[in-house]
Each structure stands twice: as structure tokens, then as C-alpha cells.
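Participant: PDB, C-alpha atoms, pLDDT in the B column, saved as start24.pdb, coming up:
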```pdb
ATOM      1  CA  LYS K   1     -47.833 105.870  34.713  1.00 85.00           C
ATOM      2  CA  TRP K   2     -44.513 104.894  36.324  1.00 90.00           C
ATOM      3  CA  PHE K   3     -44.102 101.597  34.493  1.00 91.00           C
ATOM      4  CA  PHE K   4     -44.975 103.114  31.134  1.00 92.00           C
ATOM      5  CA  SER K   5     -42.660 106.069  31.720  1.00 93.00           C
ATOM      6  CA  PHE K   6     -39.772 103.925  32.962  1.00 95.00           C
ATOM      7  CA  GLY K   7     -39.975 101.964  29.694  1.00 93.00           C
ATOM      8  CA  ALA K   8     -38.369 104.932  27.961  1.00 95.00           C
ATOM      9  CA  VAL K   9     -35.028 104.257  29.683  1.00 96.00           C
ATOM     10  CA  GLY K  10     -34.156 101.186  27.616  1.00 95.00           C
ATOM     11  CA  HIS K  11     -36.051 102.505  24.616  1.00 96.00           C
ATOM     12  CA  ASP K  12     -33.807 105.567  24.402  1.00 96.00           C
ATOM     13  CA  MET K  13     -30.614 103.799  25.453  1.00 96.00           C
ATOM     14  CA  VAL K  14     -30.845 101.665  22.330  1.00 97.00           C
ATOM     15  CA  TYR K  15     -31.926 104.569  20.170  1.00 96.00           C
ATOM     16  CA  SER K  16     -29.073 106.799  21.353  1.00 96.00           C
ATOM     17  CA  LEU K  17     -26.503 104.042  20.901  1.00 96.00           C
ATOM     18  CA  VAL K  18     -27.486 103.338  17.306  1.00 96.00           C
ATOM     19  CA  VAL K  19     -28.357 106.818  16.102  1.00 94.00           C
ATOM     20  CA  SER K  20     -25.510 108.662  17.812  1.00 91.00           C
ATOM     21  CA  TYR K  21     -22.709 106.107  17.801  1.00 92.00           C
ATOM     22  CA  LEU K  22     -23.116 103.520  15.032  1.00 94.00           C
ATOM     23  CA  LEU K  23     -21.121 105.548  12.517  1.00 93.00           C
ATOM     24  CA  THR K  24     -18.439 106.270  15.153  1.00 91.00           C
ATOM     25  CA  TYR K  25     -18.186 102.545  15.855  1.00 93.00           C
ATOM     26  CA  ILE K  26     -17.855 101.832  12.131  1.00 94.00           C
ATOM     27  CA  GLN K  27     -15.399 104.647  11.452  1.00 91.00           C
ATOM     28  CA  PHE K  28     -12.995 103.860  14.269  1.00 90.00           C
ATOM     29  CA  GLY K  29     -13.548 100.119  14.598  1.00 91.00           C
ATOM     30  CA  PHE K  30     -13.091  98.986  10.998  1.00 93.00           C
ATOM     31  CA  ARG K  31     -10.708  99.647   8.156  1.00 93.00           C
ATOM     32  CA  LEU K  32     -12.878 100.829   5.321  1.00 95.00           C
ATOM     33  CA  SER K  33     -12.152 102.638   2.115  1.00 95.00           C
ATOM     34  CA  VAL K  34     -13.590 106.105   1.626  1.00 95.00           C
ATOM     35  CA  GLN K  35     -16.101 104.639  -0.845  1.00 96.00           C
ATOM     36  CA  GLN K  36     -17.219 101.960   1.612  1.00 97.00           C
ATOM     37  CA  TYR K  37     -17.695 104.445   4.436  1.00 95.00           C
ATOM     38  CA  PHE K  38     -19.505 106.834   2.069  1.00 96.00           C
ATOM     39  CA  ILE K  39     -21.930 104.077   0.992  1.00 96.00           C
ATOM     40  CA  ILE K  40     -22.623 103.108   4.610  1.00 96.00           C
ATOM     41  CA  SER K  41     -23.130 106.744   5.639  1.00 94.00           C
ATOM     42  CA  LEU K  42     -25.409 107.388   2.671  1.00 95.00           C
ATOM     43  CA  PHE K  43     -27.549 104.331   3.301  1.00 94.00           C
ATOM     44  CA  ILE K  44     -27.793 104.852   7.056  1.00 92.00           C
ATOM     45  CA  GLY K  45     -28.297 108.615   6.849  1.00 90.00           C
ATOM     46  CA  VAL K  46     -30.538 108.924   3.796  1.00 93.00           C
ATOM     47  CA  LEU K  47     -32.058 105.515   3.080  1.00 91.00           C
ATOM     48  CA  GLY K  48     -32.676 104.984   6.791  1.00 89.00           C
ATOM     49  CA  ARG K  49     -34.776 108.162   6.980  1.00 91.00           C
ATOM     50  CA  ILE K  50     -36.696 107.267   3.808  1.00 94.00           C
ATOM     51  CA  TRP K  51     -37.270 103.737   5.124  1.00 94.00           C
ATOM     52  CA  ASP K  52     -38.493 105.201   8.414  1.00 93.00           C
ATOM     53  CA  ALA K  53     -40.902 107.518   6.572  1.00 94.00           C
ATOM     54  CA  ILE K  54     -42.366 104.469   4.810  1.00 95.00           C
ATOM     55  CA  THR K  55     -42.534 102.063   7.755  1.00 95.00           C
ATOM     56  CA  ASP K  56     -43.929 104.481  10.382  1.00 95.00           C
ATOM     57  CA  PRO K  57     -47.392 104.932   8.805  1.00 95.00           C
ATOM     58  CA  ILE K  58     -47.525 101.267   7.781  1.00 96.00           C
ATOM     59  CA  MET K  59     -46.865 100.218  11.385  1.00 95.00           C
ATOM     60  CA  GLY K  60     -49.513 102.654  12.601  1.00 93.00           C
ATOM     61  CA  LEU K  61     -52.013 101.073  10.226  1.00 94.00           C
ATOM     62  CA  ILE K  62     -51.053  97.551  11.311  1.00 94.00           C
ATOM     63  CA  ILE K  63     -51.512  98.480  14.973  1.00 92.00           C
ATOM     64  CA  GLN K  64     -54.934  99.964  14.274  1.00 89.00           C
ATOM     65  CA  LYS K  65     -56.086  96.840  12.402  1.00 90.00           C
ATOM     66  CA  CYS K  66     -54.795  94.212  14.860  1.00 89.00           C
ATOM     67  CA  HIS K  67     -56.500  93.310  18.103  1.00 84.00           C
ATOM     68  CA  PHE K  68     -54.838  90.802  20.398  1.00 87.00           C
ATOM     69  CA  LYS K  69     -55.925  89.260  23.651  1.00 87.00           C
ATOM     70  CA  LEU K  70     -53.262  91.362  25.431  1.00 85.00           C
ATOM     71  CA  GLY K  71     -54.485  94.548  23.758  1.00 86.00           C
ATOM     72  CA  LYS K  72     -53.733  96.548  20.695  1.00 89.00           C
ATOM     73  CA  TYR K  73     -50.278  97.840  21.674  1.00 92.00           C
ATOM     74  CA  ARG K  74     -48.552  95.596  24.220  1.00 91.00           C
ATOM     75  CA  PRO K  75     -47.787  92.665  21.893  1.00 94.00           C
ATOM     76  CA  TRP K  76     -46.160  95.039  19.387  1.00 95.00           C
ATOM     77  CA  ILE K  77     -44.194  96.775  22.144  1.00 95.00           C
ATOM     78  CA  PHE K  78     -42.871  93.413  23.316  1.00 95.00           C
ATOM     79  CA  ILE K  79     -42.098  92.095  19.813  1.00 96.00           C
ATOM     80  CA  GLY K  80     -40.421  95.372  18.867  1.00 97.00           C
ATOM     81  CA  ALA K  81     -38.346  95.480  22.068  1.00 97.00           C
ATOM     82  CA  VAL K  82     -37.061  91.929  21.658  1.00 98.00           C
ATOM     83  CA  LEU K  83     -36.271  92.364  17.962  1.00 98.00           C
ATOM     84  CA  THR K  84     -34.667  95.770  18.525  1.00 98.00           C
ATOM     85  CA  GLY K  85     -32.517  94.380  21.332  1.00 98.00           C
ATOM     86  CA  MET K  86     -31.377  91.426  19.248  1.00 98.00           C
ATOM     87  CA  LEU K  87     -30.620  93.537  16.186  1.00 98.00           C
ATOM     88  CA  THR K  88     -28.708  96.075  18.288  1.00 98.00           C
ATOM     89  CA  VAL K  89     -26.426  93.278  19.418  1.00 98.00           C
ATOM     90  CA  PHE K  90     -26.050  92.095  15.799  1.00 97.00           C
ATOM     91  CA  LEU K  91     -25.150  95.622  14.641  1.00 96.00           C
ATOM     92  CA  PHE K  92     -22.302  95.954  17.119  1.00 96.00           C
ATOM     93  CA  ASN K  93     -20.941  92.409  17.098  1.00 95.00           C
ATOM     94  CA  THR K  94     -19.733  91.579  13.626  1.00 92.00           C
ATOM     95  CA  ARG K  95     -16.177  91.053  12.511  1.00 89.00           C
ATOM     96  CA  LEU K  96     -16.833  91.033   8.794  1.00 94.00           C
ATOM     97  CA  GLU K  97     -14.614  93.214   6.639  1.00 93.00           C
ATOM     98  CA  GLY K  98     -14.711  95.003   3.316  1.00 95.00           C
ATOM     99  CA  TRP K  99     -17.800  94.976   1.120  1.00 97.00           C
ATOM    100  CA  SER K 100     -19.390  92.080   3.003  1.00 97.00           C
ATOM    101  CA  PHE K 101     -19.300  94.306   6.101  1.00 97.00           C
ATOM    102  CA  VAL K 102     -20.873  97.166   4.130  1.00 97.00           C
ATOM    103  CA  VAL K 103     -23.765  94.970   2.968  1.00 97.00           C
ATOM    104  CA  TYR K 104     -24.185  93.446   6.441  1.00 97.00           C
ATOM    105  CA  ILE K 105     -24.349  96.832   8.196  1.00 97.00           C
ATOM    106  CA  ILE K 106     -26.810  98.263   5.668  1.00 96.00           C
ATOM    107  CA  VAL K 107     -29.135  95.245   5.921  1.00 96.00           C
ATOM    108  CA  MET K 108     -28.873  95.059   9.727  1.00 97.00           C
ATOM    109  CA  ASN K 109     -29.521  98.789  10.035  1.00 96.00           C
ATOM    110  CA  LEU K 110     -32.673  98.557   7.889  1.00 96.00           C
ATOM    111  CA  LEU K 111     -33.869  95.595   9.950  1.00 97.00           C
ATOM    112  CA  TRP K 112     -33.053  97.527  13.130  1.00 97.00           C
ATOM    113  CA  GLU K 113     -35.000 100.549  11.841  1.00 96.00           C
ATOM    114  CA  THR K 114     -37.989  98.286  11.194  1.00 97.00           C
ATOM    115  CA  ALA K 115     -37.831  96.613  14.611  1.00 97.00           C
ATOM    116  CA  TYR K 116     -37.427  99.953  16.361  1.00 97.00           C
ATOM    117  CA  THR K 117     -40.414 101.304  14.429  1.00 96.00           C
ATOM    118  CA  ILE K 118     -42.532  98.373  15.641  1.00 97.00           C
ATOM    119  CA  ASN K 119     -41.616  99.226  19.214  1.00 96.00           C
ATOM    120  CA  ASP K 120     -41.601 103.011  18.931  1.00 95.00           C
ATOM    121  CA  ILE K 121     -44.921 103.489  17.137  1.00 95.00           C
ATOM    122  CA  SER K 122     -46.770 101.063  19.405  1.00 94.00           C
ATOM    123  CA  TYR K 123     -45.142 102.489  22.551  1.00 94.00           C
ATOM    124  CA  TRP K 124     -46.110 106.098  21.836  1.00 92.00           C
ATOM    125  CA  ALA K 125     -49.511 105.120  20.428  1.00 91.00           C
ATOM    126  CA  LEU K 126     -50.341 103.550  23.791  1.00 91.00           C
ATOM    127  CA  LEU K 127     -49.982 106.885  25.591  1.00 88.00           C
ATOM    128  CA  PRO K 128     -53.426 108.350  24.740  1.00 86.00           C
ATOM    129  CA  SER K 129     -55.030 105.090  25.872  1.00 86.00           C
ATOM    130  CA  LEU K 130     -53.593 105.361  29.367  1.00 87.00           C
ATOM    131  CA  SER K 131     -56.056 108.019  30.494  1.00 84.00           C
ATOM    132  CA  SER K 132     -58.971 110.032  29.189  1.00 86.00           C
ATOM    133  CA  GLU K 133     -57.805 113.006  31.289  1.00 89.00           C
ATOM    134  CA  THR K 134     -55.537 115.486  29.521  1.00 88.00           C
ATOM    135  CA  LYS K 135     -53.814 116.343  32.799  1.00 91.00           C
ATOM    136  CA  ASP K 136     -52.906 112.692  33.433  1.00 90.00           C
ATOM    137  CA  ARG K 137     -51.649 112.180  29.867  1.00 89.00           C
ATOM    138  CA  ASN K 138     -49.504 115.296  30.158  1.00 92.00           C
ATOM    139  CA  LEU K 139     -48.008 114.015  33.403  1.00 93.00           C
ATOM    140  CA  VAL K 140     -47.197 110.646  31.830  1.00 93.00           C
ATOM    141  CA  SER K 141     -45.717 112.380  28.787  1.00 92.00           C
ATOM    142  CA  THR K 142     -43.489 114.494  31.014  1.00 94.00           C
ATOM    143  CA  LEU K 143     -42.356 111.491  33.057  1.00 94.00           C
ATOM    144  CA  THR K 144     -41.712 109.499  29.893  1.00 94.00           C
ATOM    145  CA  LEU K 145     -39.601 112.263  28.388  1.00 94.00           C
ATOM    146  CA  PHE K 146     -37.677 112.502  31.661  1.00 96.00           C
ATOM    147  CA  PHE K 147     -36.898 108.775  31.598  1.00 96.00           C
ATOM    148  CA  ALA K 148     -36.036 108.981  27.884  1.00 95.00           C
ATOM    149  CA  GLY K 149     -33.471 111.611  28.809  1.00 95.00           C
ATOM    150  CA  VAL K 150     -32.156 109.330  31.537  1.00 96.00           C
ATOM    151  CA  GLY K 151     -31.750 106.488  29.033  1.00 95.00           C
ATOM    152  CA  GLY K 152     -30.058 108.656  26.426  1.00 94.00           C
ATOM    153  CA  GLY K 153     -27.816 110.265  29.026  1.00 95.00           C
ATOM    154  CA  LEU K 154     -26.952 106.909  30.531  1.00 95.00           C
ATOM    155  CA  ILE K 155     -25.691 105.490  27.236  1.00 94.00           C
ATOM    156  CA  GLN K 156     -23.727 108.674  26.547  1.00 91.00           C
ATOM    157  CA  GLY K 157     -22.109 108.422  29.970  1.00 92.00           C
ATOM    158  CA  LEU K 158     -21.305 104.755  29.458  1.00 91.00           C
ATOM    159  CA  ILE K 159     -19.809 105.507  26.032  1.00 89.00           C
ATOM    160  CA  THR K 160     -17.495 108.047  27.648  1.00 85.00           C
ATOM    161  CA  ILE K 161     -16.335 105.461  30.171  1.00 86.00           C
ATOM    162  CA  PHE K 162     -16.094 102.397  27.905  1.00 81.00           C
ATOM    163  CA  GLN K 163     -15.007 103.882  24.570  1.00 75.00           C
ATOM    164  CA  THR K 164     -11.330 104.119  25.491  1.00 77.00           C
ATOM    165  CA  GLY K 165      -9.370 101.005  24.634  1.00 77.00           C
ATOM    166  CA  ASN K 166     -10.748  98.366  22.306  1.00 84.00           C
ATOM    167  CA  ILE K 167     -13.638 100.098  20.538  1.00 88.00           C
ATOM    168  CA  LEU K 168     -15.074  96.847  19.142  1.00 91.00           C
ATOM    169  CA  GLU K 169     -15.195  95.233  22.564  1.00 91.00           C
ATOM    170  CA  SER K 170     -16.566  98.384  24.213  1.00 91.00           C
ATOM    171  CA  TYR K 171     -19.455  98.770  21.788  1.00 93.00           C
ATOM    172  CA  SER K 172     -20.127  95.044  21.962  1.00 94.00           C
ATOM    173  CA  ILE K 173     -20.629  95.308  25.721  1.00 93.00           C
ATOM    174  CA  LEU K 174     -22.744  98.452  25.422  1.00 95.00           C
ATOM    175  CA  SER K 175     -24.953  96.832  22.776  1.00 96.00           C
ATOM    176  CA  VAL K 176     -25.707  93.955  25.125  1.00 97.00           C
ATOM    177  CA  VAL K 177     -26.363  96.334  28.051  1.00 96.00           C
ATOM    178  CA  SER K 178     -28.720  98.396  25.871  1.00 96.00           C
ATOM    179  CA  ALA K 179     -30.473  95.296  24.513  1.00 97.00           C
ATOM    180  CA  VAL K 180     -31.105  93.988  28.017  1.00 97.00           C
ATOM    181  CA  ALA K 181     -32.305  97.450  29.080  1.00 97.00           C
ATOM    182  CA  ILE K 182     -34.906  97.779  26.298  1.00 97.00           C
ATOM    183  CA  ILE K 183     -36.240  94.276  26.840  1.00 96.00           C
ATOM    184  CA  PHE K 184     -36.346  94.668  30.638  1.00 96.00           C
ATOM    185  CA  THR K 185     -37.841  98.165  30.750  1.00 95.00           C
ATOM    186  CA  GLN K 186     -40.335  97.682  27.937  1.00 91.00           C
TER
END
```
Once more with this new file: its structure as C-alpha cells, please.
Facilitator:
Amino acid sequence: KWFFSFGAVGHDMVYSLVVSYLLTYIQFGFRLSVQQYFIISLFIGVLGRIWDAITDPIMGLIIQKCHFKLGKYRPWIFIGAVLTGMLTVFLFNTRLEGWSFVVYIIVMNLLWETAYTINDISYWALLPSLSSETKDRNLVSTLTLFFAGVGGGLIQGLITIFQTGNILESYSILSVVSAVAIIFTQ
């Protein structure tokens, strides 16, 4: 229960960094036209949610159909964590400009959404398999949500400390810290 629950620290560090701060990083780190920023915001905000609505049930189906030597969930958790970590670093470490940056961010964000879905769906789907006792599952759920809050709060605290100064360098460092955290904790 402790190892599973602690996995939420890195899981939610990465999630909070991308979902809460990617547009801030783009807005204050790059010189974009209003049209370019609008396109990025539209694709991340709207297309990202539509993409997520499509990939979530597909990933659930894939998990149900696949059986690995290491179990049904653990390989997907590992693959998703590694891919999510790598793509988080890619999202926050580009120096492209103009429309090439717009295309890059949109593509990387969709890939990130997919990788995070692989990890997220398999991670939470594992929970009911941890125990047949409702009381035990509830305890693990509570611990997991606590550690998720720790991860989200940790990245928000680090943003507050590191965001002053060079925003590109700050987010670059935080992306690497978050990537290491998801891979290590998951």
C-alpha cells in the first residue's frame, strides 16, 4: 500500500507541471503572436481534452486484453512513466520559434497526453487488484490521494521558488526534476 501510494508523488508532479504551467511557460517564455498563442491554447485546451476522451477508453481496453509476465498493469505503468517523463522534458526544453514552435508544442502535448494516459489508466486500474477488502482499498485510495497532493503541492512550491529569473531555464530544470520523480516513484 505504501509503495503504490507513494507512486502518486511523481505522477502528480508531472501532471501539475504540464496541466497548470505549460501555457504559462509558453506565454512568458516565448514571443508568439496572438494567433499563435490562440492556436496553442485551443489545441491544448480543447483538442487535448477530446484526445484524452478518445485515448482513455482505448487504453483501458488494451490493458484488459494484454497479459504480461509481470502482470496486467505494471508494464504499462512503467512504459507510461518513462514515456511521460521523457515527453515532459521535451515539452519544456525546446528553443524553436514561430510556427515551428506551435506545431512542435501541439504534437508534443498530444504525445504527452497519450503517454500520461498509458500511465494514469494502468496506475488507477491497479488499485482494485491490490486487495479484495473494501476497507483496505479505501485506505490505499486515501494514501494515494494524500501523496498525489504532496506531488502537486511540491511542484507548485518549486515553481514559486524557481520561476523568478530565466523562465526557460527554470522550467527546464523543473521538467527534469518531475521526469525523474515520475520514473523513480512509479
Participant: For atom CA of K:Leu111 and atom CA of K:Leu87, quote the distance in Å rounded to one decimal.
Facilitator: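 Interatomic distance, atom CA of K:Leu111 to atom CA of K:Leu87: 7.3 Å.
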Participant: Which residues match the PyMOL selection byres ((chain K and resi 26) around 12) in the file above, as a PyMOL selection string?
Facilitator: chain K and resi 18+20-25+27-33+36-38+40-41+44+91-98+101-102+104-106+167-168+171
Participant: What is the atom CA of K:Lys1-atom CA of K:Arg74 distance in Å, reported with one decimal?
Facilitator: 14.7 Å
Participant: Which residue, K:Ala8, K:Val34, K:Val103, K:Leu154, has the smallest gap to K:Tyr123 when you use only C-alpha atoms?
Facilitator: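 So, comparing all the options, the nearest one is K:Ala8.
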Participant: With the file shown as input, list the residues that the PyMOL selection byres ((chain K and resi 4) around 10) selects, as an MDAnalysis selection string.
Facilitator: chainID K and resid 1:3 5:8 123:124 126:127 130 140:141 143:144 147 185:186
Participant: Restricting the calculation to all atoms listed in the file, which member of K:Thr117, K:Ser172, K:Thr142, K:Thr134 is positioned closest to K:Ile54?
Facilitator: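 Among the listed residues, the smallest separation from K:Ile54 belongs to K:Thr117.
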Participant: Given only C-alpha atoms as the basis, pick out the residue of K:Leu42, K:His11, K:Gly48, K:Ile182 nearest to K:Leu110.
Facilitator: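 Of all the options, K:Gly48 lies closest to K:Leu110.
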Participant: Add whatever atoms are absent from stretch 10-32 of chain K to reach N, CA and C atoms, and provide the output as a PDB file, in the coordinates of the input.
Facilitator:
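Final output, saved to selection_11.pdb:
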```pdb
ATOM      1  N   GLY K  10     -34.770 102.112  28.569  1.00 95.00           N
ATOM      2  CA  GLY K  10     -34.156 101.186  27.616  1.00 95.00           C
ATOM      3  C   GLY K  10     -34.434 101.579  26.178  1.00 95.00           C
ATOM      4  N   HIS K  11     -35.631 102.056  25.949  1.00 96.00           N
ATOM      5  CA  HIS K  11     -36.051 102.505  24.616  1.00 96.00           C
ATOM      6  C   HIS K  11     -35.067 103.527  24.067  1.00 96.00           C
ATOM      7  N   ASP K  12     -34.696 104.513  24.874  1.00 96.00           N
ATOM      8  CA  ASP K  12     -33.807 105.567  24.402  1.00 96.00           C
ATOM      9  C   ASP K  12     -32.328 105.239  24.568  1.00 96.00           C
ATOM     10  N   MET K  13     -32.001 104.268  25.413  1.00 96.00           N
ATOM     11  CA  MET K  13     -30.614 103.799  25.453  1.00 96.00           C
ATOM     12  C   MET K  13     -30.245 103.201  24.104  1.00 96.00           C
ATOM     13  N   VAL K  14     -31.097 102.316  23.614  1.00 97.00           N
ATOM     14  CA  VAL K  14     -30.845 101.665  22.330  1.00 97.00           C
ATOM     15  C   VAL K  14     -30.843 102.691  21.208  1.00 97.00           C
ATOM     16  N   TYR K  15     -31.821 103.567  21.219  1.00 96.00           N
ATOM     17  CA  TYR K  15     -31.926 104.569  20.170  1.00 96.00           C
ATOM     18  C   TYR K  15     -30.672 105.451  20.133  1.00 96.00           C
ATOM     19  N   SER K  16     -30.255 105.942  21.290  1.00 96.00           N
ATOM     20  CA  SER K  16     -29.073 106.799  21.353  1.00 96.00           C
ATOM     21  C   SER K  16     -27.816 106.063  20.908  1.00 96.00           C
ATOM     22  N   LEU K  17     -27.680 104.818  21.302  1.00 96.00           N
ATOM     23  CA  LEU K  17     -26.503 104.042  20.901  1.00 96.00           C
ATOM     24  C   LEU K  17     -26.420 103.927  19.385  1.00 96.00           C
ATOM     25  N   VAL K  18     -27.508 103.556  18.755  1.00 96.00           N
ATOM     26  CA  VAL K  18     -27.486 103.338  17.306  1.00 96.00           C
ATOM     27  C   VAL K  18     -27.425 104.656  16.548  1.00 96.00           C
ATOM     28  N   VAL K  19     -28.278 105.579  16.878  1.00 94.00           N
ATOM     29  CA  VAL K  19     -28.357 106.818  16.102  1.00 94.00           C
ATOM     30  C   VAL K  19     -27.127 107.704  16.314  1.00 94.00           C
ATOM     31  N   SER K  20     -26.631 107.762  17.529  1.00 91.00           N
ATOM     32  CA  SER K  20     -25.510 108.662  17.812  1.00 91.00           C
ATOM     33  C   SER K  20     -24.138 108.030  17.622  1.00 91.00           C
ATOM     34  N   TYR K  21     -24.037 106.701  17.741  1.00 92.00           N
ATOM     35  CA  TYR K  21     -22.709 106.107  17.801  1.00 92.00           C
ATOM     36  C   TYR K  21     -22.418 105.003  16.783  1.00 92.00           C
ATOM     37  N   LEU K  22     -23.389 104.591  15.992  1.00 94.00           N
ATOM     38  CA  LEU K  22     -23.116 103.520  15.032  1.00 94.00           C
ATOM     39  C   LEU K  22     -22.033 103.926  14.029  1.00 94.00           C
ATOM     40  N   LEU K  23     -22.131 105.116  13.488  1.00 93.00           N
ATOM     41  CA  LEU K  23     -21.121 105.548  12.517  1.00 93.00           C
ATOM     42  C   LEU K  23     -19.750 105.745  13.171  1.00 93.00           C
ATOM     43  N   THR K  24     -19.709 106.163  14.430  1.00 91.00           N
ATOM     44  CA  THR K  24     -18.439 106.270  15.153  1.00 91.00           C
ATOM     45  C   THR K  24     -17.818 104.894  15.321  1.00 91.00           C
ATOM     46  N   TYR K  25     -18.629 103.936  15.711  1.00 93.00           N
ATOM     47  CA  TYR K  25     -18.186 102.545  15.855  1.00 93.00           C
ATOM     48  C   TYR K  25     -17.617 102.022  14.541  1.00 93.00           C
ATOM     49  N   ILE K  26     -18.302 102.299  13.447  1.00 94.00           N
ATOM     50  CA  ILE K  26     -17.855 101.832  12.131  1.00 94.00           C
ATOM     51  C   ILE K  26     -16.570 102.560  11.720  1.00 94.00           C
ATOM     52  N   GLN K  27     -16.548 103.857  11.894  1.00 91.00           N
ATOM     53  CA  GLN K  27     -15.399 104.647  11.452  1.00 91.00           C
ATOM     54  C   GLN K  27     -14.123 104.276  12.191  1.00 91.00           C
ATOM     55  N   PHE K  28     -14.201 104.112  13.488  1.00 90.00           N
ATOM     56  CA  PHE K  28     -12.995 103.860  14.269  1.00 90.00           C
ATOM     57  C   PHE K  28     -12.750 102.388  14.582  1.00 90.00           C
ATOM     58  N   GLY K  29     -13.709 101.536  14.300  1.00 91.00           N
ATOM     59  CA  GLY K  29     -13.548 100.119  14.598  1.00 91.00           C
ATOM     60  C   GLY K  29     -13.150  99.262  13.408  1.00 91.00           C
ATOM     61  N   PHE K  30     -13.328  99.794  12.194  1.00 93.00           N
ATOM     62  CA  PHE K  30     -13.091  98.986  10.998  1.00 93.00           C
ATOM     63  C   PHE K  30     -12.256  99.761   9.990  1.00 93.00           C
ATOM     64  N   ARG K  31     -11.494  99.034   9.228  1.00 93.00           N
ATOM     65  CA  ARG K  31     -10.708  99.647   8.156  1.00 93.00           C
ATOM     66  C   ARG K  31     -11.535  99.584   6.882  1.00 93.00           C
ATOM     67  N   LEU K  32     -12.047 100.736   6.509  1.00 95.00           N
ATOM     68  CA  LEU K  32     -12.878 100.829   5.321  1.00 95.00           C
ATOM     69  C   LEU K  32     -12.283 101.850   4.362  1.00 95.00           C
TER      70      LEU K  32
END
```
